[in-house]
file run.pdb (PDB, C-alpha atoms)
MODEL        1
ATOM      1  CA  MET C 158     -15.748   4.260 -13.781
ATOM      2  CA  PRO C 159     -14.551   0.656 -14.267
ATOM      3  CA  GLU C 160     -17.164  -1.602 -15.846
ATOM      4  CA  PHE C 161     -16.237  -4.467 -13.517
ATOM      5  CA  PRO C 162     -15.678  -4.915  -9.759
ATOM      6  CA  ILE C 163     -12.288  -3.705  -8.532
ATOM      7  CA  VAL C 164      -9.790  -4.754  -5.873
ATOM      8  CA  ASP C 165      -8.462  -2.022  -3.565
ATOM      9  CA  THR C 166      -5.091  -3.039  -2.123
ATOM     10  CA  HIS C 167      -4.658  -0.077   0.201
ATOM     11  CA  VAL C 168      -7.331   0.753   2.780
ATOM     12  CA  HIS C 169      -6.461   2.258   6.167
ATOM     13  CA  LEU C 170      -8.744   2.015   9.207
ATOM     14  CA  THR C 171      -8.048   3.106  12.781
ATOM     15  CA  ASN C 172      -9.346   2.439  16.286
ATOM     16  CA  LEU C 173      -8.099   4.922  18.903
ATOM     17  CA  ASN C 174      -9.937   3.108  21.675
ATOM     18  CA  ARG C 175      -7.839   0.008  21.166
ATOM     19  CA  ILE C 176      -4.632   0.969  19.365
ATOM     20  CA  ARG C 177      -2.128   3.809  19.775
ATOM     21  CA  TYR C 178      -0.956   5.855  16.795
ATOM     22  CA  THR C 179       1.667   8.195  18.217
ATOM     23  CA  ASN C 180       3.171   8.832  14.780
ATOM     24  CA  LEU C 181      -0.157  10.066  13.412
ATOM     25  CA  GLN C 182      -0.776  12.155  16.503
ATOM     26  CA  ASP C 183       2.621  13.863  16.162
ATOM     27  CA  GLU C 184       3.043  14.090  12.390
ATOM     28  CA  ALA C 185      -0.513  14.298  11.040
ATOM     29  CA  PRO C 186      -2.891  15.323  13.829
ATOM     30  CA  THR C 187      -5.834  15.850  11.459
ATOM     31  CA  LEU C 188      -5.622  12.138  10.638
ATOM     32  CA  HIS C 189      -5.376  11.051  14.262
ATOM     33  CA  LYS C 190      -8.938   9.787  14.665
ATOM     34  CA  SER C 191     -10.908   6.569  14.630
ATOM     35  CA  VAL C 192     -12.071   5.601  11.155
ATOM     36  CA  ASP C 193     -14.268   2.538  11.116
ATOM     37  CA  LEU C 194     -15.435   0.051   8.539
ATOM     38  CA  ALA C 195     -18.874   1.662   8.217
ATOM     39  CA  THR C 196     -17.268   4.994   7.314
ATOM     40  CA  PHE C 197     -15.215   3.359   4.568
ATOM     41  CA  GLN C 198     -18.265   1.548   3.257
ATOM     42  CA  ASN C 199     -20.153   4.838   3.106
ATOM     43  CA  HIS C 200     -17.355   6.722   1.310
ATOM     44  CA  ALA C 201     -16.849   3.930  -1.222
ATOM     45  CA  GLN C 202     -20.468   2.984  -1.799
ATOM     46  CA  SER C 203     -20.573   4.327  -5.363
ATOM     47  CA  ILE C 204     -17.721   2.032  -6.422
ATOM     48  CA  ASP C 205     -18.196  -1.669  -7.089
ATOM     49  CA  ILE C 206     -15.507  -3.169  -4.846
ATOM     50  CA  ASP C 207     -15.065  -6.911  -5.111
ATOM     51  CA  SER C 208     -12.460  -7.073  -2.357
ATOM     52  CA  PHE C 209     -10.040  -4.902  -0.440
ATOM     53  CA  LEU C 210      -6.925  -5.167   1.647
ATOM     54  CA  PHE C 211      -6.273  -3.650   5.080
ATOM     55  CA  MET C 212      -2.975  -1.757   5.187
ATOM     56  CA  GLU C 213      -1.205  -1.177   8.493
ATOM     57  CA  ILE C 214      -1.102   2.489   9.460
ATOM     58  CA  VAL C 215       1.979   3.097  11.623
ATOM     59  CA  CYS C 216       0.475   2.172  14.941
ATOM     60  CA  ASP C 217       2.895   2.078  17.868
ATOM     61  CA  PHE C 218       5.164  -0.909  17.368
ATOM     62  CA  ASP C 219       3.993  -2.690  20.494
ATOM     63  CA  ASN C 220       0.433  -2.539  19.109
ATOM     64  CA  ARG C 221       1.203  -4.056  15.711
ATOM     65  CA  SER C 222      -0.124  -7.527  16.552
ATOM     66  CA  ASP C 223      -3.248  -5.954  18.074
ATOM     67  CA  GLU C 224      -3.820  -4.012  14.861
ATOM     68  CA  ALA C 225      -3.643  -7.182  12.781
ATOM     69  CA  GLN C 226      -6.031  -8.935  15.147
ATOM     70  CA  TRP C 227      -8.513  -6.052  14.954
ATOM     71  CA  ALA C 228      -8.355  -6.142  11.152
ATOM     72  CA  THR C 229      -9.107  -9.851  11.272
ATOM     73  CA  GLU C 230     -12.222  -9.122  13.299
ATOM     74  CA  LEU C 231     -13.286  -6.561  10.684
ATOM     75  CA  ALA C 232     -13.026  -9.241   7.997
ATOM     76  CA  ARG C 233     -15.756 -11.167   9.770
ATOM     77  CA  GLU C 234     -17.999  -8.118   9.387
ATOM     78  CA  ASP C 235     -17.226  -7.470   5.715
ATOM     79  CA  PRO C 236     -16.261 -10.544   3.661
ATOM     80  CA  ARG C 237     -14.759  -8.286   1.006
ATOM     81  CA  LEU C 238     -11.780  -7.723   3.319
ATOM     82  CA  LYS C 239      -9.629 -10.469   1.858
ATOM     83  CA  GLY C 240      -6.183  -9.593   3.128
ATOM     84  CA  ILE C 241      -4.062  -7.748   5.661
ATOM     85  CA  ILE C 242      -0.635  -6.187   5.304
ATOM     86  CA  ALA C 243       0.743  -6.169   8.850
ATOM     87  CA  CYS C 244       3.642  -4.234  10.334
ATOM     88  CA  ALA C 245       6.806  -6.247  10.952
ATOM     89  CA  LEU C 246      10.147  -4.994  12.269
ATOM     90  CA  MET C 247      12.474  -6.116   9.513
ATOM     91  CA  GLU C 248      15.435  -4.356  11.153
ATOM     92  CA  ASN C 249      15.444  -7.157  13.733
ATOM     93  CA  GLY C 250      17.141  -9.335  11.164
ATOM     94  CA  SER C 251      16.553 -13.086  11.385
ATOM     95  CA  GLU C 252      14.779 -12.569  14.703
ATOM     96  CA  VAL C 253      11.811 -11.280  12.702
ATOM     97  CA  THR C 254      10.987 -14.912  11.934
ATOM     98  CA  VAL C 255       9.370 -15.207  15.377
ATOM     99  CA  GLU C 256       6.976 -12.432  14.392
ATOM    100  CA  LEU C 257       6.388 -13.878  10.929
ATOM    101  CA  GLU C 258       5.650 -17.322  12.346
ATOM    102  CA  ALA C 259       2.963 -15.802  14.566
ATOM    103  CA  TYR C 260       1.469 -13.927  11.626
ATOM    104  CA  LYS C 261       1.452 -17.084   9.523
ATOM    105  CA  GLN C 262      -1.173 -18.550  11.850
ATOM    106  CA  ASN C 263      -3.595 -16.017  10.367
ATOM    107  CA  PRO C 264      -4.456 -16.839   6.729
ATOM    108  CA  LEU C 265      -5.607 -13.270   6.095
ATOM    109  CA  ILE C 266      -2.110 -11.836   6.461
ATOM    110  CA  LYS C 267      -0.697 -11.671   2.948
ATOM    111  CA  GLY C 268       2.441  -9.610   3.458
ATOM    112  CA  VAL C 269       4.153  -7.048   5.651
ATOM    113  CA  ARG C 270       5.181  -3.435   5.662
ATOM    114  CA  ARG C 271       7.655  -1.465   7.745
ATOM    115  CA  LEU C 272       7.123   2.238   7.033
ATOM    116  CA  LEU C 273      10.352   3.695   5.669
ATOM    117  CA  GLN C 274       9.362   7.219   4.691
ATOM    118  CA  THR C 275      10.135   8.593   8.157
ATOM    119  CA  GLU C 276      13.494   6.833   8.418
ATOM    120  CA  ALA C 277      16.918   7.838   7.122
ATOM    121  CA  ILE C 278      17.253   7.271   3.394
ATOM    122  CA  ASP C 279      19.743   4.432   3.898
ATOM    123  CA  PHE C 280      17.767   2.700   6.676
ATOM    124  CA  CYS C 281      16.516   0.048   4.250
ATOM    125  CA  VAL C 282      19.978  -1.120   3.224
ATOM    126  CA  GLN C 283      21.439  -1.684   6.680
ATOM    127  CA  PRO C 284      22.558  -5.323   6.972
ATOM    128  CA  SER C 285      20.010  -6.284   9.618
ATOM    129  CA  PHE C 286      17.121  -4.901   7.549
ATOM    130  CA  LEU C 287      18.224  -6.833   4.478
ATOM    131  CA  GLU C 288      18.606  -9.945   6.621
ATOM    132  CA  GLY C 289      15.027  -9.532   7.812
ATOM    133  CA  LEU C 290      13.716  -9.061   4.284
ATOM    134  CA  ARG C 291      15.443 -12.235   3.109
ATOM    135  CA  CYS C 292      13.342 -14.182   5.631
ATOM    136  CA  LEU C 293      10.082 -13.292   3.839
ATOM    137  CA  PRO C 294      10.091 -15.876   0.995
ATOM    138  CA  ALA C 295      10.011 -18.757   3.505
ATOM    139  CA  PHE C 296       6.648 -17.405   4.680
ATOM    140  CA  ASP C 297       5.396 -16.514   1.185
ATOM    141  CA  TYR C 298       5.117 -12.873   2.246
ATOM    142  CA  SER C 299       5.635  -9.789   0.101
ATOM    143  CA  PHE C 300       6.937  -6.426   1.294
ATOM    144  CA  ASP C 301       5.211  -3.084   0.709
ATOM    145  CA  ILE C 302       7.709  -0.247   0.261
ATOM    146  CA  CYS C 303       6.446   3.141   1.483
ATOM    147  CA  VAL C 304       9.025   5.894   0.947
ATOM    148  CA  TYR C 305       9.443   9.417  -0.327
ATOM    149  CA  HIS C 306      11.147   9.977  -3.666
ATOM    150  CA  GLN C 307      14.477  10.850  -2.022
ATOM    151  CA  HIS C 308      14.695   7.288  -0.659
ATOM    152  CA  LEU C 309      14.364   5.614  -4.044
ATOM    153  CA  SER C 310      18.017   5.194  -4.986
ATOM    154  CA  HIS C 311      18.536   3.184  -1.802
ATOM    155  CA  VAL C 312      15.291   1.282  -2.442
ATOM    156  CA  VAL C 313      16.755   0.151  -5.764
ATOM    157  CA  GLU C 314      19.823  -1.084  -3.876
ATOM    158  CA  MET C 315      17.584  -2.876  -1.357
ATOM    159  CA  VAL C 316      15.573  -4.672  -4.025
ATOM    160  CA  ARG C 317      18.710  -5.721  -5.884
ATOM    161  CA  ALA C 318      20.060  -7.202  -2.649
ATOM    162  CA  CYS C 319      16.912  -9.308  -2.144
ATOM    163  CA  PRO C 320      16.157 -10.923  -5.515
ATOM    164  CA  ASN C 321      13.916 -13.609  -4.034
ATOM    165  CA  VAL C 322      11.623 -11.169  -2.223
ATOM    166  CA  HIS C 323       8.467  -9.857  -3.894
ATOM    167  CA  PHE C 324       8.223  -6.086  -3.441
ATOM    168  CA  ILE C 325       5.574  -3.522  -4.265
ATOM    169  CA  LEU C 326       6.278   0.215  -4.279
ATOM    170  CA  ASP C 327       3.440   2.102  -2.622
ATOM    171  CA  HIS C 328       2.193   5.438  -3.985
ATOM    172  CA  ILE C 329       4.573   5.343  -7.001
ATOM    173  CA  GLY C 330       7.417   6.312  -4.656
ATOM    174  CA  LYS C 331       5.826   9.606  -3.547
ATOM    175  CA  PRO C 332       7.295  12.058  -6.060
ATOM    176  CA  LYS C 333       6.843  15.750  -5.269
ATOM    177  CA  ILE C 334       3.920  16.264  -7.632
ATOM    178  CA  LYS C 335       3.034  19.596  -6.043
ATOM    179  CA  ASP C 336       6.256  21.026  -7.478
ATOM    180  CA  GLN C 337       6.118  18.925 -10.673
ATOM    181  CA  LEU C 338       9.432  17.339  -9.699
ATOM    182  CA  PHE C 339      10.489  14.582 -12.104
ATOM    183  CA  GLU C 340      14.167  13.860 -11.573
ATOM    184  CA  PRO C 341      15.717  11.834 -10.132
ATOM    185  CA  TRP C 342      12.319  10.172  -9.545
ATOM    186  CA  LYS C 343      11.918   9.172 -13.202
ATOM    187  CA  ALA C 344      15.392   7.646 -13.388
ATOM    188  CA  ASP C 345      14.919   5.779 -10.113
ATOM    189  CA  ILE C 346      11.534   4.406 -11.210
ATOM    190  CA  ARG C 347      13.114   3.221 -14.446
ATOM    191  CA  SER C 348      15.890   1.472 -12.519
ATOM    192  CA  LEU C 349      13.409  -0.111 -10.131
ATOM    193  CA  ALA C 350      11.222  -1.366 -12.976
ATOM    194  CA  GLU C 351      14.221  -3.155 -14.474
ATOM    195  CA  LEU C 352      14.070  -5.491 -11.476
ATOM    196  CA  SER C 353      11.487  -8.194 -12.110
ATOM    197  CA  ASN C 354      10.672  -8.808  -8.437
ATOM    198  CA  VAL C 355       8.985  -5.418  -7.909
ATOM    199  CA  HIS C 356       5.500  -4.109  -8.756
ATOM    200  CA  CYS C 357       4.255  -0.532  -8.486
ATOM    201  CA  LYS C 358       1.084   0.556  -6.713
ATOM    202  CA  ILE C 359      -0.828   3.372  -8.389
ATOM    203  CA  SER C 360      -2.071   5.074  -5.267
ATOM    204  CA  GLY C 361      -1.486   8.057  -3.008
ATOM    205  CA  MET C 362      -0.687  10.472  -5.822
ATOM    206  CA  VAL C 363      -3.113  13.267  -4.970
ATOM    207  CA  THR C 364      -1.702  13.644  -1.471
ATOM    208  CA  GLU C 365       1.681  14.435  -3.064
ATOM    209  CA  ALA C 366       0.034  17.108  -5.229
ATOM    210  CA  ASP C 367      -1.401  20.405  -3.990
ATOM    211  CA  HIS C 368      -4.278  19.261  -1.790
ATOM    212  CA  ASP C 369      -6.472  22.215  -2.717
ATOM    213  CA  THR C 370      -5.658  23.010  -6.336
ATOM    214  CA  TRP C 371      -4.483  19.776  -8.003
ATOM    215  CA  ASN C 372      -5.963  18.747 -11.310
ATOM    216  CA  ARG C 373      -5.711  15.629 -13.410
ATOM    217  CA  ASP C 374      -3.166  17.106 -15.789
ATOM    218  CA  ASP C 375      -0.765  17.537 -12.848
ATOM    219  CA  LEU C 376      -0.789  13.760 -12.475
ATOM    220  CA  ARG C 377      -0.688  12.756 -16.145
ATOM    221  CA  PRO C 378       3.115  12.583 -16.635
ATOM    222  CA  TYR C 379       3.483  10.486 -13.484
ATOM    223  CA  PHE C 380       0.824   8.009 -14.605
ATOM    224  CA  ASP C 381       2.450   7.799 -18.037
ATOM    225  CA  HIS C 382       5.951   7.196 -16.726
ATOM    226  CA  VAL C 383       4.899   4.421 -14.352
ATOM    227  CA  ILE C 384       3.075   2.568 -17.129
ATOM    228  CA  GLU C 385       5.962   3.105 -19.548
ATOM    229  CA  CYS C 386       8.364   1.545 -17.042
ATOM    230  CA  PHE C 387       6.271  -1.194 -15.392
ATOM    231  CA  SER C 388       3.665  -1.853 -18.109
ATOM    232  CA  PHE C 389       0.189  -3.059 -17.182
ATOM    233  CA  ASP C 390       1.696  -6.383 -16.102
ATOM    234  CA  ARG C 391       3.194  -4.942 -12.898
ATOM    235  CA  VAL C 392       0.919  -2.142 -11.727
ATOM    236  CA  ILE C 393      -1.742  -2.456  -9.031
ATOM    237  CA  PHE C 394      -4.498  -0.067  -7.967
ATOM    238  CA  GLY C 395      -4.741   1.309  -4.432
ATOM    239  CA  GLY C 396      -7.171   3.804  -2.936
ATOM    240  CA  ASP C 397      -4.997   4.942   0.006
ATOM    241  CA  TRP C 398      -8.206   5.752   1.844
ATOM    242  CA  PHE C 399      -8.571   7.455   4.363
ATOM    243  CA  ILE C 400      -5.245   9.306   3.938
ATOM    244  CA  SER C 401      -6.486  10.279   0.478
ATOM    245  CA  THR C 402      -9.284  12.354   2.021
ATOM    246  CA  LEU C 403      -6.685  15.094   2.554
ATOM    247  CA  ALA C 404      -7.048  15.853  -1.147
ATOM    248  CA  THR C 405      -9.886  13.908  -2.756
ATOM    249  CA  THR C 406     -12.885  11.645  -2.356
ATOM    250  CA  TYR C 407     -12.820   7.929  -2.959
ATOM    251  CA  ALA C 408     -14.977   8.170  -6.074
ATOM    252  CA  GLU C 409     -12.932  11.071  -7.469
ATOM    253  CA  TRP C 410      -9.689   9.112  -7.163
ATOM    254  CA  VAL C 411     -11.147   6.105  -8.974
ATOM    255  CA  ALA C 412     -12.522   8.441 -11.668
ATOM    256  CA  THR C 413      -9.080  10.053 -12.005
ATOM    257  CA  VAL C 414      -7.354   6.704 -12.504
ATOM    258  CA  ASP C 415     -10.060   5.755 -14.998
ATOM    259  CA  TRP C 416      -9.477   9.028 -16.869
ATOM    260  CA  ALA C 417      -5.712   8.465 -16.952
ATOM    261  CA  PHE C 418      -6.143   5.102 -18.669
ATOM    262  CA  SER C 419      -9.147   5.809 -20.857
ATOM    263  CA  GLY C 420      -8.682   4.164 -24.215
ATOM    264  CA  CYS C 421      -6.790   1.225 -22.745
ATOM    265  CA  SER C 422      -8.102  -2.260 -23.333
ATOM    266  CA  THR C 423     -10.396  -4.049 -20.920
ATOM    267  CA  SER C 424      -7.638  -6.600 -20.402
ATOM    268  CA  GLU C 425      -5.166  -3.888 -19.390
ATOM    269  CA  LEU C 426      -7.643  -2.242 -17.053
ATOM    270  CA  LYS C 427      -8.486  -5.548 -15.391
ATOM    271  CA  LYS C 428      -4.779  -6.135 -14.761
ATOM    272  CA  LEU C 429      -4.532  -2.743 -13.075
ATOM    273  CA  TYR C 430      -7.748  -2.871 -11.074
ATOM    274  CA  CYS C 431      -7.978  -6.497 -10.014
ATOM    275  CA  ASP C 432      -6.066  -9.315 -11.733
ATOM    276  CA  ASN C 433      -2.536  -8.267 -10.728
ATOM    277  CA  ALA C 434      -3.640  -7.645  -7.152
ATOM    278  CA  ARG C 435      -5.161 -11.091  -6.808
ATOM    279  CA  ASP C 436      -2.015 -12.708  -8.156
ATOM    280  CA  PHE C 437       0.476 -10.607  -6.183
ATOM    281  CA  TYR C 438      -1.256 -10.771  -2.806
ATOM    282  CA  GLY C 439      -2.973 -14.148  -3.220
ATOM    283  CA  LEU C 440      -6.425 -12.713  -2.558
ATOM    284  CA  ASN C 441      -8.403 -15.660  -3.901
ATOM    285  CA  SER C 442      -8.492 -17.241  -0.431
ATOM    286  CA  PRO C 443      -9.372 -17.708   2.373
ATOM    287  CA  ASP C 444     -13.110 -17.729   2.844
ATOM    288  CA  ASN C 445     -13.721 -15.344   5.745
ATOM    289  CA  LYS C 446     -16.234 -17.679   7.342
ATOM    290  CA  ASP C 447     -13.240 -19.855   8.267
ATOM    291  CA  LEU C 448     -11.642 -17.092  10.318
ATOM    292  CA  GLN C 449     -13.702 -17.408  13.452
ATOM    293  CA  SER C 450     -10.833 -18.914  15.410
ATOM    294  CA  SER C 451      -7.976 -16.925  13.864
ATOM    295  CA  THR C 452      -5.920 -15.150  16.519
ATOM    296  CA  LEU C 453      -2.374 -13.892  16.752
TER     297      LEU C 453
ENDMDL
END
call {"tool": "encode", "arguments": {"input": "run.pdb", "output": "structure tokens"}}
result
Amino acid sequence: MPEFPIVDTHVHLTNLNRIRYTNLQDEAPTLHKSVDLATFQNHAQSIDIDSFLFMEIVCDFDNRSDEAQWATELAREDPRLKGIIACALMENGSEVTVELEAYKQNPLIKGVRRLLQTEAIDFCVQPSFLEGLRCLPAFDYSFDICVYHQHLSHVVEMVRACPNVHFILDHIGKPKIKDQLFEPWKADIRSLAELSNVHCKISGMVTEADHDTWNRDDLRPYFDHVIECFSFDRVIFGGDWFISTLATTYAEWVATVDWAFSGCSTSELKKLYCDNARDFYGLNSPDNKDLQSSTL
């Protein structure tokens, strides 16, 4: 396990009493449940977590502001929750600025995500979507890219079209690890890494492997390729909890990442587990005690 406190940039929590998650109910019914902060704290108690980031989890679009507000309330309960990635409808083009301006009133919101994995592979390069993305730098917001591997060639096109936007690829682009599929994923990752405005999140890999029979060696070539392409300067750790419980425990995932990079320097490991995350998401502020009046 890491010999220093880590930053987890990808934690999902849900509240069915307050927020609707039709997508989860339809596509992943076993995940359609309330998962609270106490449950996360219990599952992650063996890991020294310095701070973590709340990641939106495809709630119904008309609940997206409510989800961000609920996450803000959770930050008052656990001061380690230092940031929120909220859902924003980038396909609305420049009109998304109204939504971003509202989010900017909340200092915990560090960036946005619009889930793309369930959309057509070219959804992210439609003109209105690109127009929306190009609004993000004015708000100092990054964009989390969540896609399956078949979307990646269009993701490369999207990133090239938005050179001033800071992107991070979630779950290493979701290659089909279960089938040990490598191409065109490897080529697309290499092309994406050539673009300096994109980082890669080492997360969500076990859920793309066989949930019941995966082993660390199944993941090794994917770890190696991501580091070869992005180096330790542009990779960031994510737990992808509670989605990760489909295939692993929190502690087992951290131990797997630690195994993959055993022998690396402390400096490299700190970049992966904490330093890059703090820089990319700006997690050094705010102090959560100042959030008592934050609303959306």
call {"tool": "resolve_selection", "arguments": {"input": "run.pdb", "expression": "the PyMOL selection byres ((chain C and resi 248-257) around 10)", "output": "PyMOL selection string"}}
result
chain C and resi 222+243-247+258-262+266+268-269+271+280-293+295-296+298+453
call {"tool": "write_last_selection", "arguments": {"input": "run.pdb", "atoms": "C-alpha atoms", "output": "compact mmCIF listing (two decimals), keeping the file's coordinate frame"}}
result
# COMPACT_ATOMS: atom_id res chain seq x y z
CA SER C 222 -0.12 -7.53 16.55
CA ALA C 243 0.74 -6.17 8.85
CA CYS C 244 3.64 -4.23 10.33
CA ALA C 245 6.81 -6.25 10.95
CA LEU C 246 10.15 -4.99 12.27
CA MET C 247 12.47 -6.12 9.51
CA GLU C 258 5.65 -17.32 12.35
CA ALA C 259 2.96 -15.80 14.57
CA TYR C 260 1.47 -13.93 11.63
CA LYS C 261 1.45 -17.08 9.52
CA GLN C 262 -1.17 -18.55 11.85
CA ILE C 266 -2.11 -11.84 6.46
CA GLY C 268 2.44 -9.61 3.46
CA VAL C 269 4.15 -7.05 5.65
CA ARG C 271 7.66 -1.46 7.74
CA PHE C 280 17.77 2.70 6.68
CA CYS C 281 16.52 0.05 4.25
CA VAL C 282 19.98 -1.12 3.22
CA GLN C 283 21.44 -1.68 6.68
CA PRO C 284 22.56 -5.32 6.97
CA SER C 285 20.01 -6.28 9.62
CA PHE C 286 17.12 -4.90 7.55
CA LEU C 287 18.22 -6.83 4.48
CA GLU C 288 18.61 -9.94 6.62
CA GLY C 289 15.03 -9.53 7.81
CA LEU C 290 13.72 -9.06 4.28
CA ARG C 291 15.44 -12.24 3.11
CA CYS C 292 13.34 -14.18 5.63
CA LEU C 293 10.08 -13.29 3.84
CA ALA C 295 10.01 -18.76 3.50
CA PHE C 296 6.65 -17.40 4.68
CA TYR C 298 5.12 -12.87 2.25
CA LEU C 453 -2.37 -13.89 16.75
call {"tool": "resolve_selection", "arguments": {"input": "run.pdb", "expression": "the PyMOL selection byres ((chain C and resi 324) around 6)", "output": "JSON, numbers by chain"}}
result
{"C": [299, 300, 301, 323, 325, 355]}
call {"tool": "residues_around", "arguments": {"input": "run.pdb", "residues": "Pro320 of chain C", "least_positions_apart": "4", "cutoff": "9 Å", "atoms": "all atoms listed in the file", "output": "ChimeraX atom specification"}}
result
/C:291,316,352-354
call {"tool": "write_last_selection", "arguments": {"input": "run.pdb", "atoms": "C-alpha atoms", "output": "short mmCIF file (atom, residue, chain, number, x, y, z; two decimals), keeping the file's coordinate frame"}}
result
data_model
loop_
_atom_site.label_atom_id
_atom_site.label_comp_id
_atom_site.auth_asym_id
_atom_site.auth_seq_id
_atom_site.Cartn_x
_atom_site.Cartn_y
_atom_site.Cartn_z
CA ARG C 291 15.44 -12.24 3.11
CA VAL C 316 15.57 -4.67 -4.03
CA LEU C 352 14.07 -5.49 -11.48
CA SER C 353 11.49 -8.19 -12.11
CA ASN C 354 10.67 -8.81 -8.44
#
call {"tool": "resolve_selection", "arguments": {"input": "run.pdb", "expression": "the PyMOL selection byres ((chain C and resi 361) around 6)", "output": "ChimeraX atom specification"}}
result
/C:328,360,362-364,397
call {"tool": "closest_residue", "arguments": {"input": "run.pdb", "among": "C:His356, C:Arg177, C:Lys427, C:His189", "to": "Phe399 of chain C", "atoms": "all atoms listed in the file"}}
result
C:His189
call {"tool": "residues_near_point", "arguments": {"input": "run.pdb", "point": "(-7.7, -4.9, 2.6)", "cutoff": "12 Å", "atoms": "only C-alpha atoms", "output": "VMD selection string"}}
result
chain C and resid 164 to 170 194 197 206 to 213 225 228 to 229 231 to 232 235 to 243 265 to 268 395 to 398 434 to 435 438 to 440
call {"tool": "atom_distance", "arguments": {"input": "run.pdb", "atom1": "atom CA of Lys333 of chain C", "atom2": "atom CA of Cys303 of chain C"}}
result
14.3 Å
call {"tool": "atom_distance", "arguments": {"input": "run.pdb", "atom1": "atom CA of Ser419 of chain C", "atom2": "atom CA of Met158 of chain C"}}
result
9.8 Å
call {"tool": "atom_distance", "arguments": {"input": "run.pdb", "atom1": "atom CA of Met315 of chain C", "atom2": "atom CA of Ile278 of chain C"}}
result
11.2 Å
call {"tool": "closest_residue", "arguments": {"input": "run.pdb", "among": "C:Asp375, C:Tyr178, C:Asp327, C:Arg347", "to": "Asp219 of chain C", "atoms": "all atoms listed in the file"}}
result
C:Tyr178
call {"tool": "residues_around", "arguments": {"input": "run.pdb", "residues": "His382 of chain C", "least_positions_apart": "3", "cutoff": "12 Å", "atoms": "only C-alpha atoms", "output": "compact mmCIF listing (two decimals) with C-alpha atoms, in the coordinates of the input"}}
result
# COMPACT_ATOMS: atom_id res chain seq x y z
CA ILE C 329 4.57 5.34 -7.00
CA PRO C 332 7.30 12.06 -6.06
CA PHE C 339 10.49 14.58 -12.10
CA GLU C 340 14.17 13.86 -11.57
CA TRP C 342 12.32 10.17 -9.54
CA LYS C 343 11.92 9.17 -13.20
CA ALA C 344 15.39 7.65 -13.39
CA ASP C 345 14.92 5.78 -10.11
CA ILE C 346 11.53 4.41 -11.21
CA ARG C 347 13.11 3.22 -14.45
CA ALA C 350 11.22 -1.37 -12.98
CA CYS C 357 4.26 -0.53 -8.49
CA ILE C 359 -0.83 3.37 -8.39
CA LEU C 376 -0.79 13.76 -12.48
CA ARG C 377 -0.69 12.76 -16.14
CA PRO C 378 3.12 12.58 -16.64
CA TYR C 379 3.48 10.49 -13.48
CA GLU C 385 5.96 3.10 -19.55
CA CYS C 386 8.36 1.54 -17.04
CA PHE C 387 6.27 -1.19 -15.39
CA SER C 388 3.66 -1.85 -18.11
CA PHE C 389 0.19 -3.06 -17.18
CA VAL C 392 0.92 -2.14 -11.73
CA ALA C 417 -5.71 8.46 -16.95
call {"tool": "axis_aligned_box", "arguments": {"input": "run.pdb", "around": "segment 318-333 of chain C", "padding_each_side": "3 Å", "output": "JSON"}}
result
{"center_x": 11.1, "center_y": 1.1, "center_z": -4.6, "size_x": 23.9, "size_y": 35.4, "size_z": 10.9}
call {"tool": "residues_around", "arguments": {"input": "run.pdb", "residues": "Ala277 of chain C", "least_positions_apart": "6", "cutoff": "12 Å", "atoms": "all atoms listed in the file", "output": "PDB file with C-alpha atoms, in the coordinates of the input"}}
result
ATOM      1  CA  GLN C 283      21.439  -1.684   6.680  1.00  0.00           C
ATOM      2  CA  VAL C 304       9.025   5.894   0.947  1.00  0.00           C
ATOM      3  CA  TYR C 305       9.443   9.417  -0.327  1.00  0.00           C
ATOM      4  CA  GLN C 307      14.477  10.850  -2.022  1.00  0.00           C
ATOM      5  CA  HIS C 308      14.695   7.288  -0.659  1.00  0.00           C
ATOM      6  CA  LEU C 309      14.364   5.614  -4.044  1.00  0.00           C
ATOM      7  CA  HIS C 311      18.536   3.184  -1.802  1.00  0.00           C
ATOM      8  CA  VAL C 312      15.291   1.282  -2.442  1.00  0.00           C
TER       9      VAL C 312
END
